[in-house]
$ cat upload-v3.tsv   # TSV, C-alpha atoms
chain	number	residue	atom	x	y	z
A	1	MET	CA	0.00	0.00	0.00
A	2	PRO	CA	1.36	3.40	-0.79
A	3	THR	CA	2.03	5.34	2.31
A	4	ASP	CA	2.46	8.73	0.76
A	5	THR	CA	-0.89	10.41	1.06
A	6	ASN	CA	0.45	13.58	-0.56
A	7	ASP	CA	1.50	12.07	-3.83
A	8	PRO	CA	-0.44	14.10	-6.43
A	9	ARG	CA	-0.25	11.20	-8.85
A	10	ARG	CA	-2.65	9.22	-6.70
A	11	PRO	CA	-6.08	9.19	-8.32
A	12	ASP	CA	-7.77	10.73	-5.31
A	13	ARG	CA	-5.16	13.50	-5.21
A	14	ALA	CA	-5.60	14.13	-8.91
A	15	ARG	CA	-9.24	14.91	-8.30
A	16	HIS	CA	-8.54	17.02	-5.27
A	17	PRO	CA	-5.14	18.62	-5.62
A	18	GLU	CA	-5.99	21.27	-3.09
A	19	ALA	CA	-6.61	18.93	-0.28
A	20	GLY	CA	-3.76	20.87	1.23
A	21	PRO	CA	-0.05	21.27	0.72
A	22	ALA	CA	2.09	18.36	1.61
A	23	SER	CA	3.03	18.37	5.23
A	24	ARG	CA	6.25	16.64	4.40
A	25	PRO	CA	8.23	16.06	1.21
A	26	VAL	CA	6.71	13.43	-0.98
A	27	ASN	CA	8.57	10.42	-2.17
A	28	ARG	CA	9.40	10.34	-5.81
A	29	PRO	CA	11.30	7.80	-7.86
A	30	ALA	CA	14.78	8.79	-8.86
A	31	SER	CA	14.92	10.67	-12.13
A	32	ARG	CA	15.51	8.45	-15.05
A	33	LYS	CA	18.02	10.93	-16.27
A	34	GLY	CA	19.85	10.83	-13.02
A	35	PHE	CA	19.42	14.40	-12.08
A	36	GLN	CA	19.75	15.32	-8.50
A	37	LYS	CA	16.19	15.60	-7.29
A	38	ASP	CA	15.78	17.33	-4.05
A	39	ARG	CA	12.73	15.96	-2.34
A	40	ALA	CA	11.71	19.51	-1.65
A	41	THR	CA	11.06	20.02	-5.34
A	42	LEU	CA	8.13	17.69	-4.99
A	43	LEU	CA	6.26	19.88	-2.58
A	44	LEU	CA	2.92	21.14	-3.68
A	45	LEU	CA	3.62	24.83	-4.02
A	46	THR	CA	0.66	26.95	-3.19
A	47	LEU	CA	1.27	30.59	-3.87
A	48	THR	CA	-0.83	33.13	-2.10
A	49	LEU	CA	-2.33	34.68	-5.14
A	50	GLY	CA	-6.00	34.12	-4.91
A	51	LEU	CA	-8.83	32.23	-6.30
A	52	GLY	CA	-10.24	31.47	-9.68
A	53	LEU	CA	-13.80	30.82	-10.73
A	54	GLY	CA	-15.69	27.74	-11.74
A	55	THR	CA	-13.41	24.76	-11.88
A	56	ALA	CA	-10.71	26.86	-10.34
A	57	ALA	CA	-12.75	27.17	-7.22
A	58	ARG	CA	-13.02	23.42	-7.00
A	59	PHE	CA	-9.31	23.09	-7.54
A	60	VAL	CA	-7.90	25.83	-5.44
A	61	GLN	CA	-10.49	27.13	-3.07
A	62	ARG	CA	-9.72	27.04	0.60
A	63	SER	CA	-12.42	28.23	2.88
A	64	ASP	CA	-10.13	30.39	4.96
A	65	GLN	CA	-9.00	32.45	1.97
A	66	ALA	CA	-11.93	32.21	-0.38
A	67	ARG	CA	-12.47	35.39	-2.36
A	68	THR	CA	-13.85	36.22	-5.73
A	69	ALA	CA	-11.13	36.80	-8.25
A	70	THR	CA	-11.00	39.89	-10.40
A	71	VAL	CA	-10.85	38.32	-13.80
A	72	PRO	CA	-9.16	40.31	-16.55
A	73	THR	CA	-10.97	40.36	-19.84
A	74	ALA	CA	-9.94	40.54	-23.44
A	75	GLY	CA	-7.65	43.39	-24.26
A	76	THR	CA	-6.18	43.60	-20.79
A	77	THR	CA	-4.72	47.01	-20.45
A	78	GLN	CA	-1.19	47.77	-19.46
A	79	ALA	CA	-2.37	49.16	-16.17
A	80	GLN	CA	-4.41	46.11	-15.36
A	81	SER	CA	-1.62	43.83	-16.40
A	82	SER	CA	1.08	45.50	-14.41
A	83	ALA	CA	-1.02	46.03	-11.35
A	84	SER	CA	-0.51	43.32	-8.83
A	85	GLY	CA	-3.54	44.31	-6.82
A	86	PRO	CA	-6.21	42.06	-8.31
A	87	TYR	CA	-3.76	39.20	-8.38
A	88	GLN	CA	-2.51	39.45	-4.87
A	89	ASN	CA	-5.53	37.44	-3.90
A	90	GLN	CA	-5.01	34.85	-6.60
A	91	ARG	CA	-3.18	31.65	-6.16
A	92	VAL	CA	-1.44	29.89	-8.98
A	93	VAL	CA	-0.78	26.33	-8.00
A	94	VAL	CA	2.48	24.75	-9.05
A	95	LEU	CA	2.43	21.00	-9.12
A	96	PRO	CA	5.64	19.01	-9.16
A	97	GLN	CA	4.58	17.06	-12.20
A	98	ARG	CA	1.79	16.81	-14.70
A	99	SER	CA	-1.48	15.89	-13.06
A	100	TYR	CA	-3.97	17.26	-15.58
A	101	ALA	CA	-4.12	17.35	-19.33
A	102	ALA	CA	-2.13	20.44	-20.11
A	103	ARG	CA	-3.35	23.01	-22.58
A	104	ALA	CA	0.21	23.83	-23.61
A	105	THR	CA	3.80	23.54	-22.57
A	106	SER	CA	5.90	26.58	-21.78
A	107	ARG	CA	9.41	25.85	-22.89
A	108	MET	CA	12.57	27.42	-24.19
A	109	SER	CA	12.30	28.14	-27.87
B	1	MET	CA	27.50	16.12	-8.33
B	2	THR	CA	25.58	15.25	-11.43
B	3	ALA	CA	26.68	16.27	-14.87
B	4	PRO	CA	25.41	19.65	-16.05
B	5	ILE	CA	22.61	19.68	-18.53
B	6	ALA	CA	23.88	19.91	-22.06
B	7	PRO	CA	22.45	22.21	-24.72
B	8	ALA	CA	19.61	20.71	-26.67
B	9	GLN	CA	20.00	19.92	-30.31
B	10	PRO	CA	18.10	22.23	-32.62
B	11	HIS	CA	15.44	19.71	-33.51
B	12	GLU	CA	14.83	19.05	-29.84
B	13	ALA	CA	14.69	22.70	-28.95
B	14	THR	CA	12.08	23.49	-31.54
B	15	ALA	CA	9.92	20.42	-31.17
B	16	THR	CA	6.40	21.19	-30.11
B	17	ARG	CA	4.98	19.40	-27.14
B	18	VAL	CA	1.55	20.80	-26.85
B	19	ALA	CA	-0.46	18.39	-24.82
B	20	ALA	CA	-4.02	17.38	-25.48
B	21	ALA	CA	-6.23	20.43	-25.27
B	22	THR	CA	-9.54	20.59	-23.59
B	23	ALA	CA	-12.57	20.96	-25.79
B	24	ARG	CA	-13.14	24.51	-24.63
B	25	ALA	CA	-11.16	26.46	-27.17
B	26	VAL	CA	-11.92	25.79	-30.84
B	27	PRO	CA	-11.17	26.18	-33.65
B	28	ARG	CA	-7.47	25.61	-33.74
B	29	ARG	CA	-4.75	26.71	-36.08
B	30	ARG	CA	-1.18	25.53	-36.29
B	31	LEU	CA	1.48	27.34	-38.23
B	32	HIS	CA	5.20	27.82	-38.38
B	33	ALA	CA	6.06	31.40	-37.54
B	34	LEU	CA	8.44	33.40	-35.39
B	35	GLY	CA	11.02	30.69	-35.93
B	36	THR	CA	8.96	28.12	-34.10
B	37	ASP	CA	5.70	26.20	-34.10
B	38	VAL	CA	2.67	28.23	-33.13
B	39	ALA	CA	-0.72	26.93	-32.03
B	40	ILE	CA	-3.78	29.15	-31.83
B	41	SER	CA	-7.09	28.15	-30.24
B	42	GLY	CA	-10.30	30.11	-30.01
B	43	ASP	CA	-12.86	31.91	-32.08
B	44	GLY	CA	-11.01	34.12	-34.49
B	45	ALA	CA	-8.04	31.78	-34.84
B	46	ASP	CA	-7.72	32.48	-38.55
B	47	GLN	CA	-7.67	36.22	-37.98
B	48	ALA	CA	-5.15	35.85	-35.16
B	49	ALA	CA	-2.90	33.70	-37.34
B	50	ALA	CA	-3.08	36.24	-40.16
B	51	GLU	CA	-2.21	39.05	-37.75
B	52	LEU	CA	0.70	37.09	-36.35
B	53	LEU	CA	2.14	36.46	-39.79
B	54	ARG	CA	1.60	40.08	-40.80
B	55	LEU	CA	3.43	41.37	-37.74
B	56	GLU	CA	6.25	38.89	-38.17
B	57	ALA	CA	6.77	40.05	-41.75
B	58	LEU	CA	7.10	43.62	-40.49
B	59	LEU	CA	9.42	42.90	-37.58
B	60	THR	CA	11.69	40.06	-38.66
B	61	ARG	CA	15.40	40.55	-39.11
B	62	PHE	CA	15.78	37.32	-41.07
B	63	ALA	CA	14.06	38.44	-44.26
B	64	PRO	CA	13.72	41.79	-46.01
B	65	SER	CA	11.48	43.91	-43.81
B	66	PRO	CA	11.21	47.39	-42.36
B	67	VAL	CA	13.58	46.20	-39.62
B	68	THR	CA	16.26	45.15	-42.07
B	69	ARG	CA	15.86	48.42	-43.96
B	70	LEU	CA	16.21	50.30	-40.68
B	71	ASN	CA	19.33	48.38	-39.77
B	72	ASP	CA	20.89	48.78	-43.19
B	73	ALA	CA	20.33	52.52	-43.39
B	74	GLY	CA	20.43	53.46	-39.72
B	75	GLU	CA	17.14	55.24	-40.12
B	76	LEU	CA	13.69	54.67	-41.59
B	77	SER	CA	11.01	57.10	-42.66
B	78	PRO	CA	8.17	56.48	-42.88
B	79	ALA	CA	8.33	53.55	-40.50
B	80	PRO	CA	5.25	51.35	-40.10
B	81	ALA	CA	3.20	52.07	-37.04
B	82	GLU	CA	3.65	48.48	-35.87
B	83	LEU	CA	7.44	48.78	-35.95
B	84	ILE	CA	7.28	52.02	-34.01
B	85	ALA	CA	4.99	50.46	-31.43
B	86	ALA	CA	7.14	47.34	-31.06
B	87	LEU	CA	10.30	49.43	-30.83
B	88	ARG	CA	8.74	51.74	-28.26
B	89	HIS	CA	7.84	48.70	-26.21
B	90	ALA	CA	11.40	47.38	-26.50
B	91	LEU	CA	12.82	50.74	-25.45
B	92	ALA	CA	10.43	50.92	-22.51
B	93	VAL	CA	11.69	47.51	-21.45
B	94	ALA	CA	15.27	48.70	-21.82
B	95	SER	CA	14.46	51.67	-19.62
B	96	LYS	CA	12.75	49.58	-16.98
B	97	THR	CA	15.59	47.04	-16.90
B	98	ASP	CA	18.37	49.63	-17.00
B	99	GLY	CA	19.43	48.37	-20.39
B	100	VAL	CA	19.72	44.72	-19.41
B	101	ILE	CA	17.23	43.86	-22.13
B	102	THR	CA	17.96	46.13	-25.06
B	103	PRO	CA	16.88	45.91	-28.69
B	104	LEU	CA	20.34	46.97	-29.87
B	105	VAL	CA	22.09	43.66	-29.28
B	106	LEU	CA	22.03	42.62	-32.93
B	107	PRO	CA	25.72	43.32	-33.68
B	108	ALA	CA	26.69	41.25	-30.64
B	109	LEU	CA	24.28	38.49	-31.63
B	110	ARG	CA	25.79	38.37	-35.10
B	111	TRP	CA	29.27	38.28	-33.65
B	112	ALA	CA	28.26	35.40	-31.38
B	113	GLY	CA	27.05	33.52	-34.44
B	114	TYR	CA	23.30	34.04	-34.56
B	115	ARG	CA	23.14	35.54	-38.02
B	116	ARG	CA	20.42	33.56	-39.74
B	117	SER	CA	17.05	32.20	-38.73
B	118	TRP	CA	17.39	29.32	-36.33
B	119	PRO	CA	18.31	26.47	-36.75
B	120	ALA	CA	20.72	27.64	-39.44
B	121	PRO	CA	24.27	26.77	-38.43
B	122	PRO	CA	25.77	29.47	-36.21
B	123	GLU	CA	28.65	31.47	-37.58
B	124	PRO	CA	30.71	32.85	-34.68
B	125	GLN	CA	33.09	35.62	-35.58
B	126	PRO	CA	36.70	35.96	-34.41
B	127	GLY	CA	37.97	38.71	-32.18
B	128	ASP	CA	36.09	40.73	-29.63
B	129	PRO	CA	32.39	41.52	-29.82
B	130	PRO	CA	31.29	44.94	-31.02
B	131	ALA	CA	30.09	47.38	-28.41
B	132	ILE	CA	26.37	47.57	-27.88
B	133	ALA	CA	25.00	50.99	-28.76
B	134	ASP	CA	23.16	53.00	-26.17
B	135	TRP	CA	19.43	52.37	-26.42
B	136	ARG	CA	18.79	55.89	-25.08
B	137	GLU	CA	20.15	57.28	-28.34
B	138	VAL	CA	17.43	55.74	-30.47
B	139	ARG	CA	15.27	58.55	-31.81
B	140	ILE	CA	11.64	58.19	-32.75
B	141	SER	CA	9.99	61.28	-34.11
B	142	GLY	CA	6.64	60.98	-35.77
B	143	ASN	CA	7.01	58.07	-38.15
B	144	ARG	CA	10.79	58.37	-38.36
B	145	ILE	CA	13.25	56.16	-36.55
B	146	ARG	CA	16.95	56.86	-36.31
B	147	LEU	CA	19.48	54.53	-34.72
B	148	PRO	CA	22.72	55.53	-33.02
B	149	ARG	CA	26.00	54.87	-34.81
B	150	GLY	CA	26.73	51.15	-34.78
B	151	GLY	CA	23.25	50.35	-33.61
B	152	ALA	CA	21.12	47.63	-35.15
B	153	VAL	CA	17.81	46.36	-33.91
B	154	ASP	CA	16.85	42.83	-32.96
B	155	LEU	CA	13.41	42.58	-31.43
B	156	GLY	CA	13.90	38.98	-30.41
B	157	GLY	CA	14.07	39.87	-26.74
B	158	THR	CA	10.59	41.34	-26.65
B	159	GLY	CA	9.08	40.85	-30.07
B	160	LYS	CA	7.69	37.35	-29.91
B	161	SER	CA	5.51	38.01	-26.91
B	162	TRP	CA	4.55	41.41	-28.30
B	163	ILE	CA	3.38	39.80	-31.52
B	164	ALA	CA	1.62	36.97	-29.70
B	165	GLN	CA	-0.19	39.33	-27.36
B	166	ARG	CA	-1.28	41.59	-30.22
B	167	SER	CA	-2.52	38.61	-32.20
B	168	PHE	CA	-4.30	37.31	-29.14
B	169	GLU	CA	-6.50	40.38	-29.20
B	170	ARG	CA	-8.09	39.00	-32.38
B	171	LEU	CA	-9.41	36.01	-30.43
B	172	ARG	CA	-12.75	35.96	-28.68
B	173	GLY	CA	-13.90	34.01	-25.70
B	174	GLU	CA	-11.79	31.19	-24.35
B	175	ALA	CA	-8.54	31.30	-26.23
B	176	LEU	CA	-4.91	30.32	-26.24
B	177	ILE	CA	-1.82	31.08	-28.26
B	178	ASP	CA	1.25	28.94	-27.80
B	179	ALA	CA	4.09	30.65	-29.60
B	180	GLY	CA	6.77	28.01	-29.35
B	181	GLY	CA	6.44	27.83	-25.61
B	182	ASP	CA	5.42	31.38	-24.82
B	183	VAL	CA	1.79	30.93	-23.89
B	184	VAL	CA	-1.04	33.41	-23.52
B	185	THR	CA	-4.42	32.15	-22.45
B	186	ARG	CA	-7.84	33.33	-21.41
B	187	SER	CA	-10.28	31.02	-19.74
B	188	GLY	CA	-13.23	31.00	-17.41
B	189	ALA	CA	-11.88	27.94	-15.68
B	190	THR	CA	-8.56	26.70	-14.43
B	191	VAL	CA	-6.00	26.11	-17.15
B	192	ALA	CA	-3.13	23.69	-16.73
B	193	ILE	CA	0.13	24.68	-18.40
B	194	ASP	CA	3.21	22.51	-18.26
B	195	VAL	CA	6.61	24.02	-17.65
B	196	ALA	CA	9.05	21.87	-19.56
B	197	HIS	CA	12.09	20.47	-17.83
B	198	PRO	CA	15.15	21.77	-19.68
B	199	ALA	CA	16.40	18.24	-20.30
B	200	GLY	CA	13.07	16.61	-20.97
B	201	ASP	CA	12.44	15.18	-17.54
B	202	GLU	CA	9.04	15.43	-15.83
B	203	PRO	CA	7.53	18.88	-16.31
B	204	LEU	CA	6.20	21.05	-13.57
B	205	GLN	CA	2.63	22.09	-13.97
B	206	LEU	CA	0.95	25.41	-13.35
B	207	LEU	CA	-2.73	25.57	-12.54
B	208	LEU	CA	-3.77	29.06	-13.55
B	209	PRO	CA	-7.03	30.38	-12.14
B	210	ALA	CA	-9.66	31.71	-14.50
B	211	GLY	CA	-8.61	34.85	-16.31
B	212	CYS	CA	-5.90	36.02	-18.70
B	213	TRP	CA	-2.39	34.75	-18.17
B	214	GLY	CA	0.94	34.75	-19.92
B	215	VAL	CA	3.57	32.11	-19.30
B	216	ALA	CA	7.01	32.62	-20.80
B	217	THR	CA	10.08	30.46	-20.58
B	218	SER	CA	13.55	31.57	-21.53
B	219	GLY	CA	16.78	29.67	-21.36
B	220	VAL	CA	20.30	29.33	-22.60
B	221	LEU	CA	20.04	25.74	-23.84
B	222	ALA	CA	17.77	26.50	-26.78
B	223	ARG	CA	19.10	28.40	-29.78
B	224	ALA	CA	22.45	27.42	-28.36
B	225	TRP	CA	25.62	26.12	-29.95
B	226	ARG	CA	29.07	25.15	-28.87
B	227	GLY	CA	30.45	28.12	-27.03
B	228	GLY	CA	27.43	30.35	-27.35
B	229	HIS	CA	23.74	30.97	-27.24
B	230	HIS	CA	21.27	33.68	-28.11
B	231	LEU	CA	21.01	35.52	-24.80
B	232	ILE	CA	23.48	38.39	-24.82
B	233	ASP	CA	24.68	40.06	-21.64
B	234	PRO	CA	24.91	43.75	-22.49
B	235	ARG	CA	27.72	44.21	-19.96
B	236	THR	CA	30.04	41.96	-21.93
B	237	ALA	CA	28.31	41.89	-25.33
B	238	ARG	CA	28.82	38.13	-25.18
B	239	PRO	CA	26.45	35.23	-24.54
B	240	ALA	CA	25.52	35.49	-20.88
B	241	ASP	CA	27.03	33.30	-18.20
B	242	THR	CA	23.91	32.62	-16.17
B	243	ARG	CA	23.11	31.16	-12.79
B	244	PHE	CA	20.09	29.32	-14.19
B	245	VAL	CA	19.68	27.52	-17.48
B	246	GLN	CA	15.95	28.15	-17.72
B	247	VAL	CA	13.48	30.53	-16.12
B	248	SER	CA	9.71	30.57	-16.46
B	249	ALA	CA	7.60	33.55	-15.53
B	250	VAL	CA	3.86	33.92	-15.09
B	251	HIS	CA	2.22	37.30	-15.45
B	252	PRO	CA	-1.23	38.42	-16.57
B	253	ASP	CA	0.43	39.91	-19.66
B	254	LEU	CA	2.66	37.68	-21.77
B	255	ARG	CA	4.82	40.65	-22.75
B	256	HIS	CA	5.76	41.19	-19.13
B	257	ALA	CA	6.22	37.47	-18.54
B	258	GLU	CA	8.77	37.25	-21.33
B	259	VAL	CA	10.70	40.23	-20.01
B	260	LEU	CA	10.67	38.90	-16.46
B	261	ALA	CA	11.93	35.48	-17.56
B	262	LYS	CA	14.82	37.00	-19.49
B	263	LEU	CA	15.61	39.49	-16.76
B	264	ALA	CA	15.74	36.71	-14.17
B	265	LEU	CA	18.17	34.81	-16.37
B	266	LEU	CA	20.44	37.79	-16.90
B	267	ARG	CA	20.08	39.38	-13.46
B	268	PRO	CA	18.57	36.88	-11.05
B	269	ASP	CA	18.37	39.44	-8.28
B	270	ALA	CA	17.24	42.42	-10.31
B	271	ALA	CA	14.69	44.82	-8.95
B	272	GLY	CA	11.31	44.33	-10.48
B	273	LEU	CA	11.28	40.57	-10.56
B	274	GLU	CA	8.58	40.67	-7.91
B	275	ASP	CA	6.18	41.82	-10.61
B	276	ALA	CA	5.98	38.21	-11.69
B	277	THR	CA	3.09	36.19	-10.40
B	278	VAL	CA	5.37	33.16	-10.39
B	279	LEU	CA	9.07	32.77	-11.18
B	280	LEU	CA	10.47	29.25	-11.48
B	281	ALA	CA	14.01	28.38	-12.52
B	282	PHE	CA	16.10	25.32	-13.25
B	283	ASP	CA	19.81	25.32	-12.58
B	284	ALA	CA	22.33	23.37	-14.61
B	285	HIS	CA	21.86	20.29	-12.44
B	286	GLY	CA	18.12	20.13	-12.86
B	287	ALA	CA	17.26	21.55	-9.44
B	288	VAL	CA	14.15	23.71	-9.30
B	289	TRP	CA	14.21	27.15	-7.72
B	290	ARG	CA	11.42	29.57	-7.00
B	291	ARG	CA	11.65	33.25	-6.21
B	292	ARG	CA	9.60	34.37	-3.30
B	293	ASP	CA	9.85	37.33	-0.95
B	294	GLY	CA	12.74	38.76	-2.94
B	295	ARG	CA	14.98	35.74	-2.89
B	296	TRP	CA	15.53	32.45	-4.61
B	297	GLY	CA	14.96	29.26	-2.73
B	298	ARG	CA	14.83	25.63	-3.64
B	299	ALA	CA	11.31	24.74	-4.61
$ encode --input "upload-v3.tsv" --output "structure tokens"
Amino acid sequence: MPTDTNDPRRPDRARHPEAGPASRPVNRPASRKGFQKDRATLLLLTLTLGLGLGTAARFVQRSDQARTATVPTAGTTQAQSSASGPYQNQRVVVLPQRSYAARATSRMS
Amino acid sequence: MTAPIAPAQPHEATATRVAAATARAVPRRRLHALGTDVAISGDGADQAAAELLRLEALLTRFAPSPVTRLNDAGELSPAPAELIAALRHALAVASKTDGVITPLVLPALRWAGYRRSWPAPPEPQPGDPPAIADWREVRISGNRIRLPRGGAVDLGGTGKSWIAQRSFERLRGEALIDAGGDVVTRSGATVAIDVAHPAGDEPLQLLLPAGCWGVATSGVLARAWRGGHHLIDPRTARPADTRFVQVSAVHPDLRHAEVLAKLALLRPDAAGLEDATVLLAFDAHGAVWRRRDGRWGRA
């Protein structure tokens, strides 16, 4: 039986990634490429940046910080984009590995 | 200590790895532009693709364009409004970054070997690199642009995201543009974006709340060759010797995300990096770092 209840690859974690950040580093198999993998890199990183809508709420909402996000619309202006205010209450979640079908991959090009 | 990550081969660096999309954003267009593979999703994809190609034709340095005419003559009049706008953006970035990201790096880029559209073989030049002209001496008056002596423009540092963001404005509703890894998206629900590992290992994944987001990744292992790469340090006019090999930035505006990723590579402790919603970096040994509260820490 797996003992790591924080492993986001577990099916139940995949459905509920915001069950809470890992209370301890998760176990992860050694990289196949042999890179040094600090266990800390596997922490679920929850940045204090706020809350999305719809599915986002299901993913990232925590009752103690739940707020309605200010959602930028098409043609976001420079002022809106550079202002951190609306986004200070948003939280972008960084997962240690792919857990959902990704829309795209950000990479060097 | 593990072996440092080696530069990717050109075909690896340019390979697209767009994962399966959700059914939210249709129709889709794929095209080769900006020296990379571009994917566009959303209503208005055809118009966005046409705009992207139009802007590329105006701003490229790899084919005859207003930019090449400007560089050849040192001045251009009348200059297209799009070139003036893109150059003003690049100069604003240069001002904000104290010249760390400047559009006048082209002579140094050519000296380093990046003379033709990637992945053409690099052609490094002997001797010392040419000095980088002062970006503050670029003059824009009306529709006339004049460059300082020895100055030549390359908009690669800011142009791709500028073009992608402008093209994105042609899309309606839920939409996404993936410009070879620089991603801009708008969604009413959470969007998952992978951040590629520089050596192809397991990616990190960002879950972006509903809204508009830009995710940009910059690194020194793509568009790289033996002894050089495309990211010039204006202090030395040579390919930068960087602490990290790859940095990804998240910002509501892709143009800012691209600048923040490059700035973090060139000056990992520069002022202004806190504008990023998220900054993630890989070092040469594959370790992941994240900037938070004004400092880098292992993620």
$ residues_around --input "upload-v3.tsv" --residues "Phe168 in chain B" --least-positions-apart "3" --cutoff "8 Å" --atoms "all atoms listed in the file" --output "list of chain:residue names"
B:Ala48, B:Ala164, B:Gln165, B:Leu171, B:Ala175, B:Leu176, B:Ile177, B:Val184
$ atom_distance --input "upload-v3.tsv" --atom1 "CA of Asn71 in chain B" --atom2 "CA of Ala33 in chain B"
21.7 Å
$ closest_residue --input "upload-v3.tsv" --among "B:Leu260, B:Ala179, B:Gly113, B:Leu208" --to "Ala192 in chain B" --atoms "only C-alpha atoms"
B:Leu208
$ residues_around --input "upload-v3.tsv" --residues "Ser106 in chain A" --least-positions-apart "2" --cutoff "7 Å" --atoms "only C-alpha atoms" --output "list in words"
Ala104 of chain A; Gly181, Asp182, Val183, Ile193, Asp194, Val195, Ala196, Val215, Ala216 and Thr217 of chain B
$ closest_atom_pairs --input "upload-v3.tsv" --of "range 193-218 of chain B" --to "range 94-97 of chain A" --cutoff "9 Å" --atoms "only C-alpha atoms" --output "JSON lines"
{"residue": "B:Asp194", "atom": "CA", "partner": "A:Gln97", "partner_atom": "CA", "distance": 8.3}
{"residue": "B:Glu202", "atom": "CA", "partner": "A:Gln97", "partner_atom": "CA", "distance": 6.0}
{"residue": "B:Pro203", "atom": "CA", "partner": "A:Gln97", "partner_atom": "CA", "distance": 5.4}
{"residue": "B:Leu204", "atom": "CA", "partner": "A:Gln97", "partner_atom": "CA", "distance": 4.5}
{"residue": "B:Gln205", "atom": "CA", "partner": "A:Leu95", "partner_atom": "CA", "distance": 5.0}
{"residue": "B:Leu206", "atom": "CA", "partner": "A:Val94", "partner_atom": "CA", "distance": 4.6}
{"residue": "B:Leu207", "atom": "CA", "partner": "A:Val94", "partner_atom": "CA", "distance": 6.3}
{"residue": "B:Leu208", "atom": "CA", "partner": "A:Val94", "partner_atom": "CA", "distance": 8.8}
$ write_last_selection --input "upload-v3.tsv" --atoms "C-alpha atoms" --output "PDB file, keeping the file's coordinate frame"
ATOM      1  CA  ASP B 194       3.210  22.510 -18.260  1.00  0.00           C
ATOM      2  CA  GLU B 202       9.040  15.430 -15.830  1.00  0.00           C
ATOM      3  CA  PRO B 203       7.530  18.880 -16.310  1.00  0.00           C
ATOM      4  CA  LEU B 204       6.200  21.050 -13.570  1.00  0.00           C
ATOM      5  CA  GLN B 205       2.630  22.090 -13.970  1.00  0.00           C
ATOM      6  CA  LEU B 206       0.950  25.410 -13.350  1.00  0.00           C
ATOM      7  CA  LEU B 207      -2.730  25.570 -12.540  1.00  0.00           C
ATOM      8  CA  LEU B 208      -3.770  29.060 -13.550  1.00  0.00           C
TER       9      LEU B 208
END
$ residues_around --input "upload-v3.tsv" --residues "Ala108 in chain B" --least-positions-apart "4" --cutoff "12 Å" --atoms "all atoms listed in the file" --output "ChimeraX atom specification"
/B:102-104,112-115,124-133,150-154,228-240
$ atom_distance --input "upload-v3.tsv" --atom1 "CA of Gly272 in chain B" --atom2 "CA of Trp162 in chain B"
19.3 Å
$ closest_residue --input "upload-v3.tsv" --among "B:Asp134, B:Glu75, B:Glu51, B:Asp37" --to "chain A" --atoms "all atoms listed in the file"
B:Asp37
$ closest_residue --input "upload-v3.tsv" --among "B:Thr277, B:Gly42, B:Leu70, B:His89" --to "Val93 in chain A" --atoms "only C-alpha atoms"
B:Thr277
$ atom_distance --input "upload-v3.tsv" --atom1 "CA of Ala284 in chain B" --atom2 "CA of Leu221 in chain B"
9.8 Å
$ closest_residue --input "upload-v3.tsv" --among "B:Ile40, B:Ala210, B:Ala120, B:Leu265" --to "chain A" --atoms "only C-alpha atoms"
B:Ala210
